[in-house]
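Listing of input_24.cif; format and content: mmCIF, C-alpha atoms.
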```cif
data_structure
loop_
_atom_site.group_PDB
_atom_site.id
_atom_site.type_symbol
_atom_site.label_atom_id
_atom_site.label_comp_id
_atom_site.auth_asym_id
_atom_site.auth_seq_id
_atom_site.Cartn_x
_atom_site.Cartn_y
_atom_site.Cartn_z
ATOM 1 C CA MET A 29 115.729 99.438 108.737
ATOM 2 C CA LEU A 30 114.172 95.968 108.363
ATOM 3 C CA ARG A 31 111.771 97.259 105.708
ATOM 4 C CA ARG A 32 114.669 98.725 103.709
ATOM 5 C CA LEU A 33 116.546 95.418 103.968
ATOM 6 C CA LEU A 34 113.508 93.409 102.821
ATOM 7 C CA LEU A 35 112.894 95.769 99.902
ATOM 8 C CA THR A 36 116.548 95.499 98.875
ATOM 9 C CA LEU A 37 116.408 91.693 99.039
ATOM 10 C CA GLY A 38 113.194 91.721 97.004
ATOM 11 C CA LEU A 39 114.787 93.993 94.406
ATOM 12 C CA LEU A 40 117.869 91.776 94.109
ATOM 13 C CA SER A 41 115.704 88.643 93.896
ATOM 14 C CA ALA A 42 113.566 90.143 91.129
ATOM 15 C CA LEU A 43 116.684 91.174 89.212
ATOM 16 C CA ALA A 44 118.074 87.646 89.570
ATOM 17 C CA CYS A 45 114.784 86.322 88.150
ATOM 18 C CA VAL A 46 115.180 88.655 85.163
ATOM 19 C CA ALA A 47 118.688 87.341 84.576
ATOM 20 C CA VAL A 48 117.781 83.641 84.642
ATOM 21 C CA GLN A 49 115.049 84.177 82.042
ATOM 22 C CA LEU A 50 117.733 84.371 79.366
ATOM 23 C CA ASN A 51 117.607 80.553 79.220
ATOM 24 C CA ASP A 52 113.802 80.421 79.066
ATOM 25 C CA PRO A 53 112.008 79.364 75.855
ATOM 26 C CA ASP A 54 109.935 82.570 75.988
ATOM 27 C CA PRO A 55 112.167 85.043 77.850
ATOM 28 C CA LEU A 56 110.737 88.441 76.925
ATOM 29 C CA GLN A 57 107.370 88.154 78.644
ATOM 30 C CA TRP A 58 108.959 86.758 81.803
ATOM 31 C CA MET A 59 111.737 89.348 81.818
ATOM 32 C CA ALA A 60 109.026 92.008 81.589
ATOM 33 C CA VAL A 61 107.060 90.544 84.520
ATOM 34 C CA TYR A 62 110.097 90.206 86.762
ATOM 35 C CA GLY A 63 111.499 93.527 85.545
ATOM 36 C CA LEU A 64 108.297 95.318 86.507
ATOM 37 C CA THR A 65 108.450 93.621 89.895
ATOM 38 C CA ALA A 66 112.042 94.854 90.301
ATOM 39 C CA ALA A 67 110.961 98.367 89.316
ATOM 40 C CA LEU A 68 108.227 98.305 91.961
ATOM 41 C CA TYR A 69 110.724 97.205 94.608
ATOM 42 C CA ALA A 70 113.106 99.979 93.555
ATOM 43 C CA ALA A 71 110.322 102.567 93.597
ATOM 44 C CA ALA A 72 109.236 101.460 97.073
ATOM 45 C CA LEU A 73 112.840 101.525 98.265
ATOM 46 C CA PHE A 74 113.152 105.157 97.189
ATOM 47 C CA GLY A 75 109.814 106.203 98.657
ATOM 48 C CA ARG A 76 107.945 106.233 95.355
ATOM 49 C CA GLY A 77 105.895 103.064 95.717
ATOM 50 C CA SER A 78 102.435 103.034 94.208
ATOM 51 C CA PRO A 79 99.725 100.863 95.746
ATOM 52 C CA ALA A 80 97.670 101.239 92.542
ATOM 53 C CA ILE A 81 100.437 100.004 90.230
ATOM 54 C CA SER A 82 101.341 97.227 92.679
ATOM 55 C CA GLY A 83 97.683 96.207 92.755
ATOM 56 C CA MET A 84 97.478 96.108 88.974
ATOM 57 C CA LEU A 85 100.566 93.892 88.767
ATOM 58 C CA ALA A 86 99.200 91.634 91.494
ATOM 59 C CA LEU A 87 95.860 91.283 89.728
ATOM 60 C CA GLY A 88 97.486 90.623 86.347
ATOM 61 C CA ALA A 89 99.918 88.048 87.738
ATOM 62 C CA LEU A 90 97.278 86.229 89.742
ATOM 63 C CA LEU A 91 94.832 86.134 86.807
ATOM 64 C CA TRP A 92 97.597 84.814 84.553
ATOM 65 C CA ALA A 93 98.438 82.205 87.209
ATOM 66 C CA LEU A 94 94.776 81.134 87.332
ATOM 67 C CA ARG A 95 94.763 80.769 83.554
ATOM 68 C CA ILE A 96 97.790 78.473 83.721
ATOM 69 C CA ALA A 97 96.314 76.551 86.669
ATOM 70 C CA SER A 98 93.106 75.922 84.753
ATOM 71 C CA ARG A 99 95.061 74.051 82.059
ATOM 72 C CA LEU A 100 96.994 71.755 84.411
ATOM 73 C CA ASP A 101 96.356 68.029 84.094
ATOM 74 C CA SER A 102 97.470 64.990 86.086
ATOM 75 C CA PRO A 103 100.584 64.213 83.992
ATOM 76 C CA THR A 104 101.771 67.819 84.357
ATOM 77 C CA LEU A 105 101.164 67.783 88.114
ATOM 78 C CA ALA A 106 103.026 64.478 88.372
ATOM 79 C CA LEU A 107 106.123 66.160 86.927
ATOM 80 C CA GLY A 108 106.239 68.659 89.776
ATOM 81 C CA PHE A 109 108.656 71.501 89.198
ATOM 82 C CA ASP A 110 110.149 69.652 86.249
ATOM 83 C CA SER A 111 107.075 71.025 84.487
ATOM 84 C CA GLU A 112 107.477 74.415 82.803
ATOM 85 C CA GLU A 113 103.842 75.230 83.578
ATOM 86 C CA LEU A 114 104.240 74.644 87.302
ATOM 87 C CA ARG A 115 107.393 76.756 87.411
ATOM 88 C CA GLU A 116 105.549 79.548 85.582
ATOM 89 C CA LEU A 117 102.625 79.216 87.976
ATOM 90 C CA GLY A 118 104.983 79.447 90.952
ATOM 91 C CA GLY A 119 106.738 82.499 89.525
ATOM 92 C CA LEU A 120 103.451 84.287 88.897
ATOM 93 C CA ALA A 121 102.231 83.452 92.382
ATOM 94 C CA LEU A 122 105.421 84.943 93.844
ATOM 95 C CA VAL A 123 105.096 88.060 91.694
ATOM 96 C CA GLY A 124 101.434 88.450 92.627
ATOM 97 C CA LEU A 125 102.036 88.022 96.344
ATOM 98 C CA SER A 126 105.070 90.329 96.235
ATOM 99 C CA ALA A 127 103.047 92.988 94.458
ATOM 100 C CA LEU A 128 100.251 92.666 97.022
ATOM 101 C CA ALA A 129 102.759 93.081 99.841
ATOM 102 C CA LEU A 130 104.396 96.031 98.091
ATOM 103 C CA GLY A 131 101.030 97.692 97.651
ATOM 104 C CA ARG A 132 100.248 97.325 101.326
ATOM 105 C CA PHE A 133 103.604 97.617 103.100
ATOM 106 C CA GLY A 134 106.197 98.543 100.523
ATOM 107 C CA THR A 135 106.497 102.297 100.598
ATOM 108 C CA ILE A 136 109.051 103.828 102.899
ATOM 109 C CA LYS A 137 107.526 107.053 104.072
ATOM 110 C CA ARG A 138 109.793 110.047 103.854
ATOM 111 C CA ASP A 139 109.973 112.447 106.756
ATOM 112 C CA ARG A 140 108.574 115.869 106.155
ATOM 113 C CA PRO A 141 110.903 118.773 106.823
ATOM 114 C CA GLY A 142 111.053 119.420 110.535
ATOM 115 C CA GLU A 143 109.785 115.930 111.514
ATOM 116 C CA ALA A 144 111.941 113.422 113.310
ATOM 117 C CA SER A 145 112.218 109.923 111.921
ATOM 118 C CA GLY A 146 110.196 107.321 113.797
ATOM 119 C CA ARG A 147 112.425 104.519 112.553
#
```
Please rewrite the model in this file as structure tokens.
Amino acid sequence: MLRRLLLTLGLLSALACVAVQLNDPDPLQWMAVYGLTAALYAAALFGRGSPAISGMLALGALLWALRIASRLDSPTLALGFDSEELRELGGLALVGLSALALGRFGTIKRDRPGEASGR
């Protein structure tokens, strides 16, 4: 029950992230990242989660975050989250960590016919 609730909250959060990208200077790439995250949450919610796909998203997001982090300088860091780069870095870190968690814990196992649910 708790797992289903957390997956639902993750799905709704990812969809909200897709929606707010409409005001972003470069919305399509970010809508794709958050949209894929939402799709992974939905797949996990319906028992179709894929650790391999979650792992690929996690790796891609974390590598992209490292690329952004490598370009940060003192003036950008001084801006805090008023900086577009730091917000992007934070979003990618959240996507990467979410994808890692989905790969490890995200799939709701379906009962086989004749088995009682352990939940």
Checklist entry - Which is closer to A:Arg115 than all the others in A:Ala93, A:Leu130, A:Ile81, A:Leu33, using only C-alpha atoms? => result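 Selected residue with least distance to A:Arg115: A:Ala93.
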Item to check | Atom pair atom CA of A:Gly119 / atom CA of A:Ala42: separation (Å) | outcome: 10.4 Å
Item to check | Test item: which residues lie within 12 Å of (104.1, 84.0, 90.9) counting only C-alpha atoms, as a PyMOL selection string | outcome: chain A and resi 42+45+58+61-62+65+85-94+96-97+113-128
Item to check | Å distance separating atom CA of A:Gly63 from atom CA of A:Leu43, one decimal place | outcome: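 We find that atom CA of A:Gly63 and atom CA of A:Leu43 lie 6.8 Å from each other.
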Next on the checklist: One number please: atom CA of A:Ser82 to atom CA of A:Ala66, in Å, one decimal.
Outcome noted: 11.2 Å
As lines of an AutoDock Vina configuration file, please: the centre and edge lengths in Å, to one decimal, of an axis-aligned box enclosing every listed atom of stretch 106-124 of chain A with 5 Å added on each side.
```
center_x = 105.8
center_y = 76.5
center_z = 88.3
size_x = 18.7
size_y = 34.0
size_z = 21.0
```
Checklist entry - Using all atoms listed in the file, which of A:Gly131, A:Gly77, A:Tyr69, A:Asp110 sits nearest A:Thr36? => result A:Tyr69
